[in-house]
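As stored in run12.pdb (PDB, C-alpha atoms):
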ATOM      1  CA  MET A   1      93.955  96.113  28.605  1.00  0.00           C
ATOM      2  CA  ALA A   2      93.682  92.337  28.650  1.00  0.00           C
ATOM      3  CA  LEU A   3      96.645  90.222  27.606  1.00  0.00           C
ATOM      4  CA  ARG A   4      96.921  86.498  27.095  1.00  0.00           C
ATOM      5  CA  ALA A   5     100.149  84.893  28.263  1.00  0.00           C
ATOM      6  CA  ASP A   6     101.065  81.312  29.078  1.00  0.00           C
ATOM      7  CA  SER A   7     102.463  81.616  32.604  1.00  0.00           C
ATOM      8  CA  SER A   8     104.463  78.414  32.140  1.00  0.00           C
ATOM      9  CA  ASP A   9     106.329  79.946  29.185  1.00  0.00           C
ATOM     10  CA  PRO A  10     108.894  82.616  30.177  1.00  0.00           C
ATOM     11  CA  ASP A  11     108.953  84.042  26.632  1.00  0.00           C
ATOM     12  CA  SER A  12     105.188  84.462  26.718  1.00  0.00           C
ATOM     13  CA  VAL A  13     105.439  86.304  30.052  1.00  0.00           C
ATOM     14  CA  LYS A  14     108.254  88.504  28.684  1.00  0.00           C
ATOM     15  CA  GLY A  15     106.065  89.312  25.670  1.00  0.00           C
ATOM     16  CA  ALA A  16     103.174  90.331  27.930  1.00  0.00           C
ATOM     17  CA  VAL A  17     105.506  92.564  29.949  1.00  0.00           C
ATOM     18  CA  SER A  18     106.826  94.132  26.747  1.00  0.00           C
ATOM     19  CA  ASP A  19     103.311  94.714  25.401  1.00  0.00           C
ATOM     20  CA  THR A  20     102.247  96.314  28.696  1.00  0.00           C
ATOM     21  CA  ILE A  21     105.245  98.652  28.677  1.00  0.00           C
ATOM     22  CA  LYS A  22     104.498  99.637  25.075  1.00  0.00           C
ATOM     23  CA  ALA A  23     100.857 100.372  25.928  1.00  0.00           C
ATOM     24  CA  PHE A  24     101.371 102.182  29.239  1.00  0.00           C
ATOM     25  CA  GLY A  25     104.960 103.388  29.138  1.00  0.00           C
ATOM     26  CA  GLY A  26     106.118 101.240  32.061  1.00  0.00           C
ATOM     27  CA  ILE A  27     105.143  98.924  34.895  1.00  0.00           C
ATOM     28  CA  ASN A  28     104.925 100.199  38.451  1.00  0.00           C
ATOM     29  CA  ILE A  29     103.209  97.332  40.280  1.00  0.00           C
ATOM     30  CA  LEU A  30     103.366  93.599  39.632  1.00  0.00           C
ATOM     31  CA  VAL A  31     100.825  91.278  41.261  1.00  0.00           C
ATOM     32  CA  ASN A  32     100.980  87.757  39.924  1.00  0.00           C
ATOM     33  CA  VAL A  33     100.000  84.258  40.916  1.00  0.00           C
ATOM     34  CA  ARG A  34     101.835  81.893  38.568  1.00  0.00           C
ATOM     35  CA  ALA A  35     105.241  81.740  37.006  1.00  0.00           C
ATOM     36  CA  ILE A  36     106.378  84.192  39.623  1.00  0.00           C
ATOM     37  CA  PHE A  37     110.048  83.807  38.889  1.00  0.00           C
ATOM     38  CA  ALA A  38     109.638  84.410  35.147  1.00  0.00           C
ATOM     39  CA  ALA A  39     107.404  87.407  35.755  1.00  0.00           C
ATOM     40  CA  MET A  40     109.749  88.936  38.340  1.00  0.00           C
ATOM     41  CA  GLN A  41     112.727  88.367  36.084  1.00  0.00           C
ATOM     42  CA  ALA A  42     110.947  90.024  33.159  1.00  0.00           C
ATOM     43  CA  VAL A  43     109.572  93.031  35.019  1.00  0.00           C
ATOM     44  CA  ALA A  44     112.310  93.941  37.542  1.00  0.00           C
ATOM     45  CA  PRO A  45     114.635  95.587  34.990  1.00  0.00           C
ATOM     46  CA  GLN A  46     111.774  97.890  33.941  1.00  0.00           C
ATOM     47  CA  MET A  47     110.952  99.067  37.476  1.00  0.00           C
ATOM     48  CA  GLY A  48     112.268 101.897  39.605  1.00  0.00           C
ATOM     49  CA  GLU A  49     111.943 103.871  42.832  1.00  0.00           C
ATOM     50  CA  GLY A  50     108.619 103.334  44.611  1.00  0.00           C
ATOM     51  CA  ASP A  51     107.505 100.467  42.397  1.00  0.00           C
ATOM     52  CA  ARG A  52     106.106  97.250  43.882  1.00  0.00           C
ATOM     53  CA  ILE A  53     106.236  93.521  43.251  1.00  0.00           C
ATOM     54  CA  ILE A  54     103.519  91.561  45.037  1.00  0.00           C
ATOM     55  CA  SER A  55     103.454  87.804  44.633  1.00  0.00           C
ATOM     56  CA  THR A  56     100.793  85.391  45.771  1.00  0.00           C
ATOM     57  CA  GLY A  57     101.876  82.194  47.440  1.00  0.00           C
ATOM     58  CA  SER A  58      99.871  80.235  49.988  1.00  0.00           C
ATOM     59  CA  ILE A  59      99.688  79.650  53.713  1.00  0.00           C
ATOM     60  CA  ASN A  60     100.842  76.157  52.745  1.00  0.00           C
ATOM     61  CA  GLY A  61     104.329  77.649  52.393  1.00  0.00           C
ATOM     62  CA  ASP A  62     104.319  77.698  56.212  1.00  0.00           C
ATOM     63  CA  VAL A  63     102.101  74.731  57.083  1.00  0.00           C
ATOM     64  CA  SER A  64     101.013  71.504  55.404  1.00  0.00           C
ATOM     65  CA  ALA A  65      97.575  70.702  56.729  1.00  0.00           C
ATOM     66  CA  PHE A  66      97.082  67.358  55.024  1.00  0.00           C
ATOM     67  CA  PRO A  67      99.105  64.429  53.691  1.00  0.00           C
ATOM     68  CA  GLY A  68     100.120  64.730  50.052  1.00  0.00           C
ATOM     69  CA  MET A  69     100.808  68.477  50.210  1.00  0.00           C
ATOM     70  CA  SER A  70     104.618  68.324  50.326  1.00  0.00           C
ATOM     71  CA  LEU A  71     105.331  69.375  46.730  1.00  0.00           C
ATOM     72  CA  TYR A  72     102.788  72.189  46.832  1.00  0.00           C
ATOM     73  CA  SER A  73     104.154  73.364  50.179  1.00  0.00           C
ATOM     74  CA  MET A  74     107.698  73.265  48.788  1.00  0.00           C
ATOM     75  CA  ALA A  75     106.704  75.479  45.855  1.00  0.00           C
ATOM     76  CA  GLN A  76     104.964  77.966  48.155  1.00  0.00           C
ATOM     77  CA  ALA A  77     107.961  78.104  50.507  1.00  0.00           C
ATOM     78  CA  ALA A  78     110.176  78.767  47.469  1.00  0.00           C
ATOM     79  CA  ILE A  79     108.028  81.811  46.615  1.00  0.00           C
ATOM     80  CA  ALA A  80     108.598  83.154  50.135  1.00  0.00           C
ATOM     81  CA  GLY A  81     112.360  82.612  49.799  1.00  0.00           C
ATOM     82  CA  LEU A  82     112.458  84.250  46.382  1.00  0.00           C
ATOM     83  CA  THR A  83     110.531  87.205  47.805  1.00  0.00           C
ATOM     84  CA  ARG A  84     113.079  87.715  50.610  1.00  0.00           C
ATOM     85  CA  GLY A  85     116.048  87.445  48.247  1.00  0.00           C
ATOM     86  CA  LEU A  86     114.609  89.689  45.567  1.00  0.00           C
ATOM     87  CA  ALA A  87     113.575  92.244  48.188  1.00  0.00           C
ATOM     88  CA  ARG A  88     117.240  92.516  49.188  1.00  0.00           C
ATOM     89  CA  ASP A  89     118.374  92.661  45.548  1.00  0.00           C
ATOM     90  CA  LEU A  90     115.925  95.398  44.532  1.00  0.00           C
ATOM     91  CA  ALA A  91     115.993  97.504  47.718  1.00  0.00           C
ATOM     92  CA  PRO A  92     118.822  99.752  46.470  1.00  0.00           C
ATOM     93  CA  ARG A  93     116.540 100.739  43.583  1.00  0.00           C
ATOM     94  CA  GLY A  94     113.641 101.592  45.941  1.00  0.00           C
ATOM     95  CA  ILE A  95     111.496  98.653  44.820  1.00  0.00           C
ATOM     96  CA  THR A  96     109.600  96.653  47.440  1.00  0.00           C
ATOM     97  CA  VAL A  97     108.869  92.945  47.059  1.00  0.00           C
ATOM     98  CA  ASN A  98     106.261  91.180  49.187  1.00  0.00           C
ATOM     99  CA  ASN A  99     104.336  87.918  49.200  1.00  0.00           C
ATOM    100  CA  LEU A 100     100.727  87.233  50.168  1.00  0.00           C
ATOM    101  CA  GLN A 101     100.030  83.843  51.720  1.00  0.00           C
ATOM    102  CA  PRO A 102      96.266  83.320  51.634  1.00  0.00           C
ATOM    103  CA  GLY A 103      94.548  80.521  53.439  1.00  0.00           C
ATOM    104  CA  PRO A 104      91.222  79.163  52.190  1.00  0.00           C
ATOM    105  CA  ILE A 105      89.540  81.884  50.137  1.00  0.00           C
ATOM    106  CA  ASP A 106      86.006  81.556  48.767  1.00  0.00           C
ATOM    107  CA  THR A 107      86.579  81.153  45.017  1.00  0.00           C
ATOM    108  CA  ASP A 108      85.153  79.054  42.217  1.00  0.00           C
ATOM    109  CA  MET A 109      88.012  76.563  42.663  1.00  0.00           C
ATOM    110  CA  ASN A 110      87.586  76.359  46.457  1.00  0.00           C
ATOM    111  CA  PRO A 111      84.050  77.443  47.383  1.00  0.00           C
ATOM    112  CA  ALA A 112      83.133  78.128  51.007  1.00  0.00           C
ATOM    113  CA  ASP A 113      80.245  75.665  50.597  1.00  0.00           C
ATOM    114  CA  GLY A 114      82.264  73.002  48.765  1.00  0.00           C
ATOM    115  CA  PRO A 115      82.965  69.422  49.869  1.00  0.00           C
ATOM    116  CA  PHE A 116      86.189  70.338  51.746  1.00  0.00           C
ATOM    117  CA  ALA A 117      84.717  73.415  53.454  1.00  0.00           C
ATOM    118  CA  PRO A 118      83.629  71.799  56.745  1.00  0.00           C
ATOM    119  CA  THR A 119      87.092  70.300  57.280  1.00  0.00           C
ATOM    120  CA  LEU A 120      88.892  73.525  56.381  1.00  0.00           C
ATOM    121  CA  LYS A 121      86.595  75.732  58.452  1.00  0.00           C
ATOM    122  CA  SER A 122      87.299  73.523  61.459  1.00  0.00           C
ATOM    123  CA  ILE A 123      91.019  74.427  61.334  1.00  0.00           C
ATOM    124  CA  ILE A 124      90.566  78.159  60.656  1.00  0.00           C
ATOM    125  CA  SER A 125      90.447  80.152  63.901  1.00  0.00           C
ATOM    126  CA  LEU A 126      87.828  82.549  62.508  1.00  0.00           C
ATOM    127  CA  GLY A 127      85.752  79.566  61.346  1.00  0.00           C
ATOM    128  CA  ARG A 128      85.138  80.870  57.836  1.00  0.00           C
ATOM    129  CA  TYR A 129      86.750  81.208  54.431  1.00  0.00           C
ATOM    130  CA  GLY A 130      88.322  84.496  53.441  1.00  0.00           C
ATOM    131  CA  LYS A 131      86.777  86.752  50.835  1.00  0.00           C
ATOM    132  CA  VAL A 132      88.404  87.805  47.582  1.00  0.00           C
ATOM    133  CA  THR A 133      87.784  91.425  48.596  1.00  0.00           C
ATOM    134  CA  GLU A 134      89.834  90.901  51.770  1.00  0.00           C
ATOM    135  CA  VAL A 135      92.798  89.678  49.735  1.00  0.00           C
ATOM    136  CA  ALA A 136      92.317  92.533  47.258  1.00  0.00           C
ATOM    137  CA  GLY A 137      92.371  95.009  50.150  1.00  0.00           C
ATOM    138  CA  LEU A 138      95.753  93.696  51.288  1.00  0.00           C
ATOM    139  CA  VAL A 139      97.078  93.903  47.729  1.00  0.00           C
ATOM    140  CA  ALA A 140      95.839  97.489  47.481  1.00  0.00           C
ATOM    141  CA  TYR A 141      97.616  98.368  50.733  1.00  0.00           C
ATOM    142  CA  LEU A 142     100.891  96.761  49.619  1.00  0.00           C
ATOM    143  CA  ALA A 143     100.638  98.646  46.323  1.00  0.00           C
ATOM    144  CA  SER A 144     100.108 101.965  48.113  1.00  0.00           C
ATOM    145  CA  PRO A 145     102.700 104.517  49.249  1.00  0.00           C
ATOM    146  CA  GLU A 146     101.757 103.761  52.880  1.00  0.00           C
ATOM    147  CA  SER A 147     103.475 100.360  52.602  1.00  0.00           C
ATOM    148  CA  ALA A 148     106.815 101.778  51.444  1.00  0.00           C
ATOM    149  CA  PHE A 149     108.666 100.416  54.501  1.00  0.00           C
ATOM    150  CA  ILE A 150     107.425  96.832  54.046  1.00  0.00           C
ATOM    151  CA  THR A 151     109.637  94.604  51.918  1.00  0.00           C
ATOM    152  CA  GLY A 152     110.676  90.966  51.944  1.00  0.00           C
ATOM    153  CA  ALA A 153     107.565  90.040  53.921  1.00  0.00           C
ATOM    154  CA  SER A 154     105.330  87.032  53.532  1.00  0.00           C
ATOM    155  CA  ILE A 155     102.019  88.160  54.948  1.00  0.00           C
ATOM    156  CA  ASN A 156      99.486  85.540  55.976  1.00  0.00           C
ATOM    157  CA  ILE A 157      95.868  86.361  55.230  1.00  0.00           C
ATOM    158  CA  ASP A 158      94.373  83.133  56.484  1.00  0.00           C
ATOM    159  CA  GLY A 159      91.886  83.722  59.307  1.00  0.00           C
ATOM    160  CA  GLY A 160      94.221  81.960  61.734  1.00  0.00           C
ATOM    161  CA  PHE A 161      94.702  78.787  59.684  1.00  0.00           C
ATOM    162  CA  MET A 162      95.857  75.932  61.933  1.00  0.00           C
ATOM    163  CA  LEU A 163      96.422  78.172  64.999  1.00  0.00           C
TER     164      LEU A 163
END
In structure tokens, write the structure found in this file.
Amino acid sequence: MALRADSSDPDSVKGAVSDTIKAFGGINILVNVRAIFAAMQAVAPQMGEGDRIISTGSINGDVSAFPGMSLYSMAQAAIAGLTRGLARDLAPRGITVNNLQPGPIDTDMNPADGPFAPTLKSIISLGRYGKVTEVAGLVAYLASPESAFITGASINIDGGFML
């Protein structure tokens, strides 16, 4: 099922959550990139034991590689802080909350052969961009029962960015 929701509008996100619950009877895993707070706030009351919230921040929550990144880095660090706090809040209900912090990933917005790629590759220990499938694999693990003892974590998937 595909839904359209304006991630900057909390009511739109709440509507998408409501529509999803109507269609599927509930929500067990939340993986979202934008409007994380609004999405977490909308979905948490609907979740229960064994359910998962997985947010996506950025390695820039830990490091600012270039001048002019302070506001972006602040927002990404806030996602990590929200993840830790919400993990504590939802733990009694058996819900885990974790945050992915990708480094440069080969996407349409940031291609591995784009104009910034040589500079970025030079500060990634592995010397390459990550793949979308590598991030998806980490999401799949965090959504699985095997990750039930991981909560409140911000997990870097960055190839050794700025190490």
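Remark: residues at most 12 Å from position (110.5, 77.2, 52.0) in file coordinates are Gly57, Ser58, Ile59, Asn60, Gly61, Asp62, Val63, Ser64, Ser70, Leu71, Tyr72, Ser73, Met74, Ala75, Gln76, Ala77, Ala78, Ile79, Ala80, Gly81, Leu82, Thr83, Arg84 and Ser154 of chain A, using all atoms listed in the file.
Non-sequential neighbours of Gly50 (chain A) (distance at most 9 Å, separation of 2 or more positions within a chain, all atoms listed in the file) are Asn28, Met47, Gly48, Arg52, Arg93, Gly94, Ile95, Thr96, Pro145 and Ala148 of chain A.
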Judged by only C-alpha atoms, the minimum distance to Ile54 (chain A) among A:Gly130, A:Thr107, A:Leu3, A:Leu100 is found for A:Leu100
May I have the residues within 12 Å of Gln46 (chain A) as a compact mmCIF listing (two decimals) with C-alpha atoms, keeping the file's coordinate frame, using only C-alpha atoms and disregarding those fewer than 2 positions away in the same chain?
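Saved result, out05.txt, follows:
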# COMPACT_ATOMS: atom_id res chain seq x y z
CA LYS A 14 108.25 88.50 28.68
CA VAL A 17 105.51 92.56 29.95
CA SER A 18 106.83 94.13 26.75
CA THR A 20 102.25 96.31 28.70
CA ILE A 21 105.24 98.65 28.68
CA LYS A 22 104.50 99.64 25.08
CA GLY A 25 104.96 103.39 29.14
CA GLY A 26 106.12 101.24 32.06
CA ILE A 27 105.14 98.92 34.90
CA ASN A 28 104.92 100.20 38.45
CA ILE A 29 103.21 97.33 40.28
CA LEU A 30 103.37 93.60 39.63
CA ALA A 39 107.40 87.41 35.76
CA MET A 40 109.75 88.94 38.34
CA GLN A 41 112.73 88.37 36.08
CA ALA A 42 110.95 90.02 33.16
CA VAL A 43 109.57 93.03 35.02
CA ALA A 44 112.31 93.94 37.54
CA GLY A 48 112.27 101.90 39.60
CA GLU A 49 111.94 103.87 42.83
CA ASP A 51 107.50 100.47 42.40
CA ARG A 52 106.11 97.25 43.88
CA ILE A 53 106.24 93.52 43.25
CA LEU A 90 115.92 95.40 44.53
CA ARG A 93 116.54 100.74 43.58
CA ILE A 95 111.50 98.65 44.82
All residues 9 Å or closer to region 118-126 of chain A, all atoms listed in the file, same chain fewer than 4 positions away omitted, as a VMD selection string: chain A and resid 65 103 to 104 112 to 114 158 to 163
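This file, queried with the PyMOL selection byres ((chain A and resi 8) around 12), gives the residues Ala5, Asp6, Ser7, Asp9, Pro10, Asp11, Ser12, Val13, Lys14, Val33, Arg34, Ala35, Ile36, Phe37, Ala38 and Ala39 of chain A.
In this model, the gap between CA of Ala87 (chain A) and CA of Thr151 (chain A) comes to 5.9 Å.
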Would you compute, for all listed atoms of region 19-25 of chain A, the axis-aligned bounding box grown by 5 Å on each side, and then report its centre and edge lengths in Å rounded to one decimal, as lines of an AutoDock Vina configuration file?
center_x = 103.1
center_y = 99.1
center_z = 27.2
size_x = 14.4
size_y = 18.7
size_z = 14.2
note - CA of Arg4 (chain A) and CA of Lys131 (chain A) are separated by 25.8 Å
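Within the file as shown, the PyMOL selection byres ((chain A and resi 136) around 12) identifies Val31, Ile54, Thr56, Leu100, Pro102, Ile105, Gly130, Lys131, Val132, Thr133, Glu134, Val135, Gly137, Leu138, Val139, Ala140, Tyr141, Leu142, Ala143 and Ile157 of chain A.
Atom to atom, CA of Ala2 (chain A) and CA of Pro111 (chain A) stand 25.8 Å apart.
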